Structure formats: C-alpha cells, structure tokens
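So this block is entry_1.pdb, PDB, C-alpha atoms:
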ATOM      1  CA  MET A  19     120.662  41.641 155.228
ATOM      2  CA  ARG A  20     123.417  42.798 152.951
ATOM      3  CA  ALA A  21     124.514  45.527 155.312
ATOM      4  CA  SER A  22     125.590  43.046 157.992
ATOM      5  CA  ILE A  23     127.822  41.071 155.627
ATOM      6  CA  ALA A  24     130.723  43.489 155.696
ATOM      7  CA  PRO A  25     130.040  46.063 158.413
ATOM      8  CA  LEU A  26     133.541  47.500 158.260
ATOM      9  CA  LEU A  27     133.599  48.206 154.515
ATOM     10  CA  GLY A  28     132.542  51.866 154.747
ATOM     11  CA  PRO A  29     134.708  52.768 157.759
ATOM     12  CA  ALA A  30     137.732  50.997 156.263
ATOM     13  CA  LEU A  31     137.364  52.911 152.999
ATOM     14  CA  GLY A  32     136.958  56.142 154.984
ATOM     15  CA  LEU A  33     140.120  55.410 156.974
ATOM     16  CA  SER A  34     141.894  54.680 153.699
ATOM     17  CA  ALA A  35     140.756  58.092 152.402
ATOM     18  CA  ILE A  36     142.059  59.857 155.531
ATOM     19  CA  LEU A  37     145.445  58.133 155.364
ATOM     20  CA  PHE A  38     145.843  58.844 151.635
ATOM     21  CA  THR A  39     145.024  62.524 152.186
ATOM     22  CA  LEU A  40     147.564  62.710 155.018
ATOM     23  CA  GLY A  41     150.173  61.201 152.712
ATOM     24  CA  VAL A  42     149.438  63.752 149.975
ATOM     25  CA  ALA A  43     149.619  66.577 152.524
ATOM     26  CA  GLY A  44     152.976  65.282 153.734
ATOM     27  CA  VAL A  45     154.395  65.146 150.209
ATOM     28  CA  LEU A  46     153.282  68.727 149.603
ATOM     29  CA  LEU A  47     154.402  70.086 152.979
ATOM     30  CA  ARG A  48     157.833  68.634 153.579
ATOM     31  CA  ARG A  49     161.157  69.321 151.914
ATOM     32  CA  ASN A  50     163.109  66.417 153.393
ATOM     33  CA  VAL A  51     163.449  63.725 150.702
ATOM     34  CA  ILE A  52     163.340  60.846 153.178
ATOM     35  CA  VAL A  53     160.131  62.131 154.767
ATOM     36  CA  LEU A  54     158.744  62.468 151.238
ATOM     37  CA  PHE A  55     159.426  58.778 150.648
ATOM     38  CA  VAL A  56     157.828  57.913 153.982
ATOM     39  CA  CYS A  57     154.687  59.789 152.888
ATOM     40  CA  ILE A  58     154.618  57.858 149.603
ATOM     41  CA  GLU A  59     154.738  54.621 151.606
ATOM     42  CA  LEU A  60     151.836  55.945 153.667
ATOM     43  CA  MET A  61     149.794  56.515 150.493
ATOM     44  CA  LEU A  62     150.578  53.011 149.237
ATOM     45  CA  ASN A  63     149.440  51.602 152.572
ATOM     46  CA  ALA A  64     146.165  53.508 152.320
ATOM     47  CA  VAL A  65     145.557  51.968 148.896
ATOM     48  CA  ASN A  66     146.365  48.519 150.310
ATOM     49  CA  LEU A  67     143.739  49.066 152.980
ATOM     50  CA  SER A  68     141.022  49.787 150.419
ATOM     51  CA  PHE A  69     142.092  46.729 148.390
ATOM     52  CA  VAL A  70     141.755  44.503 151.462
ATOM     53  CA  ALA A  71     138.452  46.086 152.473
ATOM     54  CA  LEU A  72     136.909  45.411 149.058
ATOM     55  CA  ALA A  73     138.452  41.922 148.950
ATOM     56  CA  GLN A  74     136.002  40.992 151.707
ATOM     57  CA  LEU A  75     133.242  41.113 149.119
ATOM     58  CA  HIS A  76     134.961  40.506 145.797
ATOM     59  CA  GLY A  77     137.197  37.566 146.678
ATOM     60  CA  THR A  78     140.838  37.217 147.573
ATOM     61  CA  SER A  79     142.236  38.592 144.303
ATOM     62  CA  GLY A  80     142.136  41.971 146.048
ATOM     63  CA  GLN A  81     144.609  40.581 148.558
ATOM     64  CA  VAL A  82     146.797  39.340 145.687
ATOM     65  CA  MET A  83     146.890  42.929 144.407
ATOM     66  CA  VAL A  84     148.199  43.966 147.832
ATOM     67  CA  PHE A  85     151.168  41.650 147.303
ATOM     68  CA  PHE A  86     151.938  43.285 143.968
ATOM     69  CA  VAL A  87     151.659  46.745 145.537
ATOM     70  CA  MET A  88     154.028  45.675 148.326
ATOM     71  CA  THR A  89     156.536  44.350 145.792
ATOM     72  CA  VAL A  90     156.466  47.571 143.798
ATOM     73  CA  ALA A  91     156.764  49.578 147.028
ATOM     74  CA  ALA A  92     159.799  47.592 148.134
ATOM     75  CA  ALA A  93     161.467  48.007 144.727
ATOM     76  CA  GLU A  94     160.638  51.712 144.690
ATOM     77  CA  ALA A  95     162.040  52.193 148.205
ATOM     78  CA  ALA A  96     165.289  50.403 147.337
ATOM     79  CA  VAL A  97     165.913  52.352 144.120
ATOM     80  CA  GLY A  98     164.714  55.658 145.582
ATOM     81  CA  LEU A  99     166.906  55.407 148.661
ATOM     82  CA  ALA A 100     169.879  54.521 146.460
ATOM     83  CA  ILE A 101     169.188  57.678 144.431
ATOM     84  CA  ILE A 102     169.010  59.683 147.684
ATOM     85  CA  LEU A 103     172.399  58.256 148.718
ATOM     86  CA  ALA A 104     173.919  59.118 145.344
ATOM     87  CA  ILE A 105     172.574  62.692 145.463
ATOM     88  CA  PHE A 106     173.693  63.136 149.063
ATOM     89  CA  ARG A 107     177.239  62.238 148.044
ATOM     90  CA  HIS A 108     177.256  65.071 145.500
ATOM     91  CA  LYS A 109     175.285  67.787 147.300
ATOM     92  CA  GLN A 110     175.618  66.890 151.016
ATOM     93  CA  THR A 111     171.915  67.598 151.548
ATOM     94  CA  VAL A 112     168.520  65.912 151.554
ATOM     95  CA  ASP A 113     166.630  69.213 151.299
ATOM     96  CA  LEU A 114     164.617  69.440 148.090
ATOM     97  CA  GLN A 115     165.267  73.181 147.808
ATOM     98  CA  ASN A 116     168.970  72.542 147.317
ATOM     99  CA  ILE A 117     168.455  69.688 144.836
ATOM    100  CA  ASN A 118     167.780  71.596 141.616
ATOM    101  CA  LEU A 119     170.065  69.965 139.065
ATOM    102  CA  LEU A 120     167.343  69.904 136.414
ATOM    103  CA  ARG A 121     166.289  73.529 136.878
ATOM    104  CA  GLY A 122     167.449  75.396 133.792
TER     105      GLY A 122
ATOM    106  CA  MET B  17     133.378  44.110 169.665
ATOM    107  CA  THR B  18     135.031  43.866 166.272
ATOM    108  CA  GLU B  19     133.959  47.398 165.477
ATOM    109  CA  ALA B  20     135.362  48.730 168.748
ATOM    110  CA  VAL B  21     138.741  47.121 168.024
ATOM    111  CA  PHE B  22     138.605  48.551 164.494
ATOM    112  CA  TRP B  23     138.017  52.076 165.757
ATOM    113  CA  VAL B  24     140.895  51.779 168.238
ATOM    114  CA  PHE B  25     143.263  50.698 165.458
ATOM    115  CA  ALA B  26     141.873  53.381 163.135
ATOM    116  CA  ALA B  27     142.443  56.111 165.725
ATOM    117  CA  VAL B  28     146.017  54.913 166.314
ATOM    118  CA  ALA B  29     146.649  54.844 162.557
ATOM    119  CA  VAL B  30     145.354  58.368 161.941
ATOM    120  CA  VAL B  31     147.163  59.888 164.943
ATOM    121  CA  THR B  32     150.493  58.251 164.136
ATOM    122  CA  ALA B  33     150.189  59.140 160.430
ATOM    123  CA  SER B  34     149.619  62.792 161.409
ATOM    124  CA  LEU B  35     152.631  62.696 163.728
ATOM    125  CA  CYS B  36     154.600  61.086 160.902
ATOM    126  CA  ILE B  37     154.017  63.959 158.471
ATOM    127  CA  LEU B  38     154.504  66.609 161.178
ATOM    128  CA  SER B  39     157.496  65.264 163.094
ATOM    129  CA  ARG B  40     160.644  67.270 162.667
ATOM    130  CA  SER B  41     163.247  64.540 162.241
ATOM    131  CA  ALA B  42     163.188  61.893 159.530
ATOM    132  CA  LEU B  43     163.972  59.223 162.111
ATOM    133  CA  SER B  44     160.823  59.811 164.155
ATOM    134  CA  ALA B  45     158.780  60.067 160.934
ATOM    135  CA  VAL B  46     159.916  56.558 159.986
ATOM    136  CA  LEU B  47     159.196  55.214 163.467
ATOM    137  CA  TRP B  48     155.705  56.757 163.543
ATOM    138  CA  LEU B  49     154.992  55.255 160.131
ATOM    139  CA  THR B  50     156.000  51.859 161.506
ATOM    140  CA  VAL B  51     153.332  52.195 164.204
ATOM    141  CA  THR B  52     150.803  53.159 161.504
ATOM    142  CA  MET B  53     151.697  50.042 159.535
ATOM    143  CA  LEU B  54     151.367  47.807 162.595
ATOM    144  CA  SER B  55     147.891  49.150 163.362
ATOM    145  CA  LEU B  56     146.965  48.660 159.695
ATOM    146  CA  ALA B  57     148.070  45.037 160.082
ATOM    147  CA  GLY B  58     145.595  44.743 162.967
ATOM    148  CA  ILE B  59     142.858  46.156 160.746
ATOM    149  CA  PHE B  60     143.766  43.646 158.012
ATOM    150  CA  VAL B  61     143.099  40.821 160.494
ATOM    151  CA  LEU B  62     139.662  42.284 161.229
ATOM    152  CA  LEU B  63     138.969  42.423 157.467
ATOM    153  CA  SER B  64     139.704  38.646 157.216
ATOM    154  CA  ALA B  65     143.075  39.086 155.484
ATOM    155  CA  GLU B  66     145.290  37.329 158.044
ATOM    156  CA  PHE B  67     148.107  36.422 155.670
ATOM    157  CA  VAL B  68     148.329  39.950 154.303
ATOM    158  CA  ALA B  69     148.559  41.175 157.902
ATOM    159  CA  ALA B  70     151.495  38.839 158.581
ATOM    160  CA  ILE B  71     153.251  39.989 155.406
ATOM    161  CA  GLN B  72     152.541  43.610 156.339
ATOM    162  CA  VAL B  73     154.356  43.149 159.647
ATOM    163  CA  LEU B  74     157.246  41.122 158.209
ATOM    164  CA  VAL B  75     157.929  42.915 154.928
ATOM    165  CA  TYR B  76     156.644  46.452 155.442
ATOM    166  CA  ALA B  77     157.091  47.191 159.137
ATOM    167  CA  GLY B  78     160.144  44.944 159.191
ATOM    168  CA  ALA B  79     162.201  45.067 156.027
ATOM    169  CA  VAL B  80     161.216  48.307 154.262
ATOM    170  CA  MET B  81     161.300  50.417 157.421
ATOM    171  CA  VAL B  82     164.675  48.959 158.407
ATOM    172  CA  LEU B  83     165.916  49.971 154.937
ATOM    173  CA  PHE B  84     164.785  53.538 155.635
ATOM    174  CA  LEU B  85     166.498  53.503 159.035
ATOM    175  CA  PHE B  86     169.714  52.210 157.474
ATOM    176  CA  VAL B  87     169.741  55.038 154.933
ATOM    177  CA  ILE B  88     169.129  57.619 157.683
ATOM    178  CA  MET B  89     172.029  56.082 159.594
ATOM    179  CA  LEU B  90     174.291  56.200 156.513
ATOM    180  CA  LEU B  91     173.445  59.830 155.743
ATOM    181  CA  ASN B  92     174.266  60.933 159.324
ATOM    182  CA  LEU B  93     172.148  64.079 159.084
ATOM    183  CA  GLY B  94     172.797  65.423 162.558
ATOM    184  CA  HIS B  95     170.301  67.671 164.322
ATOM    185  CA  ALA B  96     167.085  68.089 162.431
ATOM    186  CA  THR B  97     165.865  71.536 161.560
ATOM    187  CA  SER B  98     162.316  72.227 160.473
ATOM    188  CA  ASP B  99     161.827  71.543 156.774
ATOM    189  CA  MET B 100     158.231  72.684 156.443
ATOM    190  CA  ARG B 101     157.526  74.753 153.366
ATOM    191  CA  GLY B 102     156.398  78.374 153.537
ATOM    192  CA  PRO B 103     152.907  79.620 154.500
ATOM    193  CA  ALA B 104     151.789  79.945 150.862
ATOM    194  CA  THR B 105     152.537  76.280 150.234
ATOM    195  CA  VAL B 106     150.840  75.299 153.487
ATOM    196  CA  ALA B 107     147.670  77.111 152.391
ATOM    197  CA  ALA B 108     147.817  75.462 148.969
ATOM    198  CA  THR B 109     148.327  72.094 150.648
ATOM    199  CA  VAL B 110     145.257  72.582 152.829
ATOM    200  CA  VAL B 111     143.164  73.417 149.742
ATOM    201  CA  ILE B 112     144.486  70.501 147.665
ATOM    202  CA  ALA B 113     144.250  67.971 150.489
ATOM    203  CA  GLY B 114     140.761  69.229 151.367
ATOM    204  CA  LEU B 115     139.514  68.794 147.802
ATOM    205  CA  LEU B 116     141.073  65.329 147.671
ATOM    206  CA  ALA B 117     139.512  64.395 151.012
ATOM    207  CA  ILE B 118     136.060  65.495 149.826
ATOM    208  CA  GLN B 119     136.391  63.323 146.743
ATOM    209  CA  LEU B 120     137.697  60.336 148.662
ATOM    210  CA  PHE B 121     135.061  60.617 151.362
ATOM    211  CA  ALA B 122     132.460  59.695 148.771
ATOM    212  CA  LEU B 123     133.924  56.205 149.232
ATOM    213  CA  TRP B 124     132.602  56.160 152.790
ATOM    214  CA  ARG B 125     129.054  55.873 151.476
ATOM    215  CA  TYR B 126     130.026  52.973 149.220
ATOM    216  CA  SER B 127     127.866  50.436 151.070
ATOM    217  CA  PRO B 128     127.669  46.667 150.542
ATOM    218  CA  ASP B 129     124.092  47.244 149.329
ATOM    219  CA  ARG B 130     125.207  49.421 146.450
ATOM    220  CA  LEU B 131     128.053  47.039 145.673
ATOM    221  CA  ALA B 132     125.632  44.100 145.505
ATOM    222  CA  VAL B 133     123.380  46.036 143.125
ATOM    223  CA  GLU B 134     126.298  46.972 140.900
ATOM    224  CA  VAL B 135     127.629  43.428 140.758
ATOM    225  CA  ALA B 136     124.147  42.053 140.073
ATOM    226  CA  GLN B 137     123.779  44.453 137.153
ATOM    227  CA  ALA B 138     127.073  43.405 135.571
ATOM    228  CA  PRO B 139     126.294  40.100 133.833
ATOM    229  CA  GLN B 140     129.629  39.865 132.037
ATOM    230  CA  LEU B 141     131.472  39.555 135.357
ATOM    231  CA  ARG B 142     132.225  35.845 135.152
ATOM    232  CA  ASP B 143     135.948  35.867 135.811
ATOM    233  CA  PRO B 144     136.404  33.270 138.594
ATOM    234  CA  ALA B 145     138.856  35.543 140.379
ATOM    235  CA  THR B 146     136.269  38.316 140.703
ATOM    236  CA  LEU B 147     133.196  36.175 141.202
ATOM    237  CA  PHE B 148     130.804  37.617 143.759
ATOM    238  CA  LEU B 149     130.002  34.937 146.314
ATOM    239  CA  GLY B 150     127.019  36.664 147.923
ATOM    240  CA  GLY B 151     129.207  38.782 150.188
ATOM    241  CA  GLN B 152     131.872  37.471 152.558
ATOM    242  CA  ALA B 153     133.947  36.231 149.638
ATOM    243  CA  ALA B 154     137.194  36.446 151.568
ATOM    244  CA  ARG B 155     135.750  34.585 154.537
ATOM    245  CA  HIS B 156     134.333  31.850 152.294
ATOM    246  CA  ALA B 157     137.685  31.414 150.575
ATOM    247  CA  VAL B 158     139.490  31.185 153.913
ATOM    248  CA  ALA B 159     136.994  28.623 155.176
ATOM    249  CA  GLU B 160     137.439  26.470 152.067
ATOM    250  CA  GLN B 161     141.162  26.752 151.386
ATOM    251  CA  GLY B 162     142.770  27.996 154.573
ATOM    252  CA  VAL B 163     144.384  31.346 155.298
ATOM    253  CA  VAL B 164     147.375  30.906 152.969
ATOM    254  CA  GLY B 165     145.584  28.851 150.328
ATOM    255  CA  ALA B 166     142.930  31.521 149.841
ATOM    256  CA  VAL B 167     145.651  33.913 148.683
ATOM    257  CA  ALA B 168     147.890  31.357 146.985
ATOM    258  CA  ALA B 169     145.192  29.924 144.704
ATOM    259  CA  PRO B 170     144.519  33.158 142.735
ATOM    260  CA  LEU B 171     148.171  34.209 142.989
ATOM    261  CA  PHE B 172     149.524  31.073 141.294
ATOM    262  CA  GLN B 173     146.594  30.404 138.967
ATOM    263  CA  THR B 174     144.888  33.565 137.746
ATOM    264  CA  TYR B 175     147.803  35.921 138.321
ATOM    265  CA  LEU B 176     150.703  33.612 137.472
ATOM    266  CA  VAL B 177     152.149  35.753 134.672
ATOM    267  CA  PRO B 178     152.091  39.021 136.680
ATOM    268  CA  PHE B 179     153.657  37.102 139.559
ATOM    269  CA  GLU B 180     156.544  35.968 137.347
ATOM    270  CA  LEU B 181     156.942  39.488 135.940
ATOM    271  CA  THR B 182     157.290  40.705 139.519
ATOM    272  CA  SER B 183     160.536  38.753 139.820
ATOM    273  CA  ILE B 184     161.939  40.656 136.816
ATOM    274  CA  LEU B 185     160.927  43.914 138.503
ATOM    275  CA  LEU B 186     162.744  42.896 141.681
ATOM    276  CA  LEU B 187     165.846  41.903 139.708
ATOM    277  CA  VAL B 188     165.876  45.283 137.949
ATOM    278  CA  ALA B 189     165.437  47.030 141.314
ATOM    279  CA  ILE B 190     168.343  45.100 142.861
ATOM    280  CA  VAL B 191     170.681  45.853 139.961
ATOM    281  CA  GLY B 192     169.557  49.488 139.852
ATOM    282  CA  ALA B 193     170.073  50.002 143.576
ATOM    283  CA  VAL B 194     173.564  48.505 143.442
ATOM    284  CA  VAL B 195     174.547  50.588 140.392
ATOM    285  CA  LEU B 196     173.233  53.802 141.969
ATOM    286  CA  ALA B 197     174.623  53.325 145.448
ATOM    287  CA  LYS B 198     178.047  51.944 144.596
ATOM    288  CA  ARG B 199     180.823  54.498 144.204
ATOM    289  CA  ARG B 200     182.766  52.685 141.520
ATOM    290  CA  ILE B 201     181.631  49.568 139.694
TER     291      ILE B 201
END
How does the structure come out when it is put into structure tokens?
Amino acid sequence: MRASIAPLLGPALGLSAILFTLGVAGVLLRRNVIVLFVCIELMLNAVNLSFVALAQLHGTSGQVMVFFVMTVAAAEAAVGLAIILAIFRHKQTVDLQNINLLRG
Amino acid sequence: MTEAVFWVFAAVAVVTASLCILSRSALSAVLWLTVTMLSLAGIFVLLSAEFVAAIQVLVYAGAVMVLFLFVIMLLNLGHATSDMRGPATVAATVVIAGLLAIQLFALWRYSPDRLAVEVAQAPQLRDPATLFLGGQAARHAVAEQGVVGAVAAPLFQTYLVPFELTSILLLVAIVGAVVLAKRRI
C-alpha cells in the first residue's frame, strides 16, 4: 500500500500550511519590526517543514534545500537586524508607523 | 505511536506560533518562536530527517534566535506597549490569511498515492537527485549512507555549485551587517 509509506505526509503539509498562515497574519498584524522579522522566520520554518515532508518520498535533496533556506534565513536575519539597529539610531523607534522615510 | 508523537509536537508548534504573533513584547515573541522551532525539530526526526533536526536546534533555535535576543538587548526598548494594527487591518488580515489558508489546505489532500501517480507519469524525471525510490526515499538513503551521508552526498555532488555560491552569500551578509551596524568605518 502506498498510503502506509509516508503516513505523516498529509498532516505535515497541513501543519506547514497552518504555520505559514500564522506567519503571514503576524506580518500583517504587528507594527514592531522585530516581531515582523520573527514572523518571517516562522514562514521560512513552515516552508522547511514541507520540504522535509516531501523529502521522505522524493529523496534527500529536499533536505539539502532546507540547508540553503537556513543559510538564506541566517543571512537575512543578520542584515535585517543590522538595518533595524541603524534605523533605531536615527529614529529611536522600532514601530513601523514612525519609520516612513520613503513616504513622499 | 509515531502519529501520536507527531500530533503532540504539531499542537505545541501551532499554539506557540499563535502566542508568538500575539504576544505583546518582542522578547516573548522570540522565545515562543524558539519553542516552535524546537517542536519542529522533533517533527523533522519523525520525518526521517535527523541531521536537519540537529541543525535546526543548533543553528536556528541556537544561533539565529540568540542574534534576535542580542538585538533586543541592544535596543533596550523598555516596557512593551501593544503594537497591533487597527480594527480595519485586523479584518483585512483575517480575510487575507483565510484565503491563503484555504489555498494551502489543498496540500493536506496531497496523498502519497497521488504523488506516486504523478511521478509515474513523468518519464523525463531521471535526475538522480530526484529519483523516486518507490516511496521512503529518505529512509532508504539513510539506511544506505547513514544519517549525515544521506544529506552530504547530494549536497556535495549534485548541488556543489549552489553550495559554493552560498559562501559568497554569507560573505556579503557579513560585510553588509558590519557596514550597516558600525557607526563609523
């Protein structure tokens, strides 16, 4: 039976969907830049989960993709947090409503 | 048994992710996300990705989250006030997230049966990295090459060039972070 080969494939993909939706909701709801970054990390983790779930069937290259996603996430976190620090020095805030340098 | 453990980890992940996006202070958001990542590492073990689980704990729950905590410490934000957006945005968020959830939940029905049919109907799929080994591909690879070897073989053979490009990305990120965060170079 095919269905018994990877019994957790469907539930894992469903969990990945829930976590990704929560991350999107967090990005839309919050104004704190740091929490925004945390929500982006949550979305990346949800994608990693679906990669690993499908790697059960398709071979371990799905797990290799998870490494690349983790690398990009680490680089993005480092650069993004440095940008937050630089903005905080100018504006003394992490609230997105007060960060409107590009608004005409 | 495996399924019961999976559902426990899944429940912990969903609850802590919800607390993460709803918690008032950035500090507790980061800490809740760490718990989410640890439970995801447990799920990775159940999905026969043991090495990815170890890296998840070391790199993600360890290094990246500590970076977040360091930045929160450096900013010294004081007492957190609520930073939720207004009711109009909340309503829009519910609509957008609901539509997204409906689309993503189609994945739930993506069964191994359908996957097997799709792979069987794709004759050009002969790339050794994506070869379909009659299900359980990850478990077969682990049995043949060991936990680390199963990941290392495609990483250093099929994906060698992307792997090397990753080092350039990390170098750019290091230089960029230093340039942005330093007051005067």
### Query
Once the PyMOL selection byres ((chain A and resi 63) around 12) has been applied to the shown file, what residues remain in the selection, as a ChimeraX atom specification?
/A:33-41,56-62,64-70,84-85,87-88,90-92 /B:29,33,49-50,52-57,59-60,68-69,72,76-77
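Distance annotation: of B:Val111, B:Leu43, B:Leu185, B:Cys36, the residue with the minimal separation from B:Met89 is B:Leu43; atom set is all atoms listed in the file.
If all atoms listed in the file are the atoms counted, then among A:Val112, A:Phe55, A:Ala30, A:Arg48 the closest residue to chain B is A:Arg48.
Using only C-alpha atoms, the shortest contact distance between A:Phe86 and any of B:Ile71, B:Leu93, B:Ala104, B:Ala45 is found at B:Ile71.
Pairwise distance (atom CA of B:Ser183, atom CA of B:Glu160) equals 28.9 Å.
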### Task
Mind checking which residues fall within 10 Å of B:Thr97, counting all atoms listed in the file, ignoring those fewer than 3 positions away in the same chain, and posting them as a count of residues only?
4
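The neighbours of A:Thr111 here are the residues that come within 12 Å of it, using only C-alpha atoms and leaving out any residue fewer than 2 positions away in the same chain; they are A:Arg49, A:Asn50, A:Val51, A:Ile52, A:Ile102, A:Leu103, A:Ala104, A:Ile105, A:Phe106, A:Arg107, A:His108, A:Lys109, A:Asp113, A:Leu114, A:Gln115, A:Asn116, A:Ile117, A:Asn118, B:Leu91, B:Asn92, B:Leu93, B:Gly94, B:Ala96.
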Write the residues of the preceding selection, restricted to C-alpha atoms, as a PDB file, in the coordinates of the input.
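Resulting contents of selection_13.pdb:
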ATOM      1  CA  ARG A  49     161.157  69.321 151.914  1.00  0.00           C
ATOM      2  CA  ASN A  50     163.109  66.417 153.393  1.00  0.00           C
ATOM      3  CA  VAL A  51     163.449  63.725 150.702  1.00  0.00           C
ATOM      4  CA  ILE A  52     163.340  60.846 153.178  1.00  0.00           C
ATOM      5  CA  ILE A 102     169.010  59.683 147.684  1.00  0.00           C
ATOM      6  CA  LEU A 103     172.399  58.256 148.718  1.00  0.00           C
ATOM      7  CA  ALA A 104     173.919  59.118 145.344  1.00  0.00           C
ATOM      8  CA  ILE A 105     172.574  62.692 145.463  1.00  0.00           C
ATOM      9  CA  PHE A 106     173.693  63.136 149.063  1.00  0.00           C
ATOM     10  CA  ARG A 107     177.239  62.238 148.044  1.00  0.00           C
ATOM     11  CA  HIS A 108     177.256  65.071 145.500  1.00  0.00           C
ATOM     12  CA  LYS A 109     175.285  67.787 147.300  1.00  0.00           C
ATOM     13  CA  ASP A 113     166.630  69.213 151.299  1.00  0.00           C
ATOM     14  CA  LEU A 114     164.617  69.440 148.090  1.00  0.00           C
ATOM     15  CA  GLN A 115     165.267  73.181 147.808  1.00  0.00           C
ATOM     16  CA  ASN A 116     168.970  72.542 147.317  1.00  0.00           C
ATOM     17  CA  ILE A 117     168.455  69.688 144.836  1.00  0.00           C
ATOM     18  CA  ASN A 118     167.780  71.596 141.616  1.00  0.00           C
TER      19      ASN A 118
ATOM     20  CA  LEU B  91     173.445  59.830 155.743  1.00  0.00           C
ATOM     21  CA  ASN B  92     174.266  60.933 159.324  1.00  0.00           C
ATOM     22  CA  LEU B  93     172.148  64.079 159.084  1.00  0.00           C
ATOM     23  CA  GLY B  94     172.797  65.423 162.558  1.00  0.00           C
ATOM     24  CA  ALA B  96     167.085  68.089 162.431  1.00  0.00           C
TER      25      ALA B  96
END
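Pairwise distance (atom CA of B:Val191, atom CA of B:Pro170) equals 29.2 Å.
In this model, the gap between atom CA of B:Phe86 and atom CA of A:Gly44 comes to 21.6 Å.
In terms of minimum interatomic distance to chain B, A:Gly32 ranks closest within A:Gly32, A:Leu72, A:Gln110, A:Leu119, counting only C-alpha atoms.
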### Query
Excluding same-chain residues fewer than 3 positions from A:Ala93, what lies within 9 Å of it counting all atoms listed in the file, as a ChimeraX atom specification?
/A:88-90,96-98 /B:185-186,188-190,193
### Task
Would you be able to write out as a ChimeraX atom specification which residues have an atom within 8 Å of (136.9, 38.4, 150.0) in the file's coordinates, counting only C-alpha atoms?
/A:70,72-80 /B:64,151-157
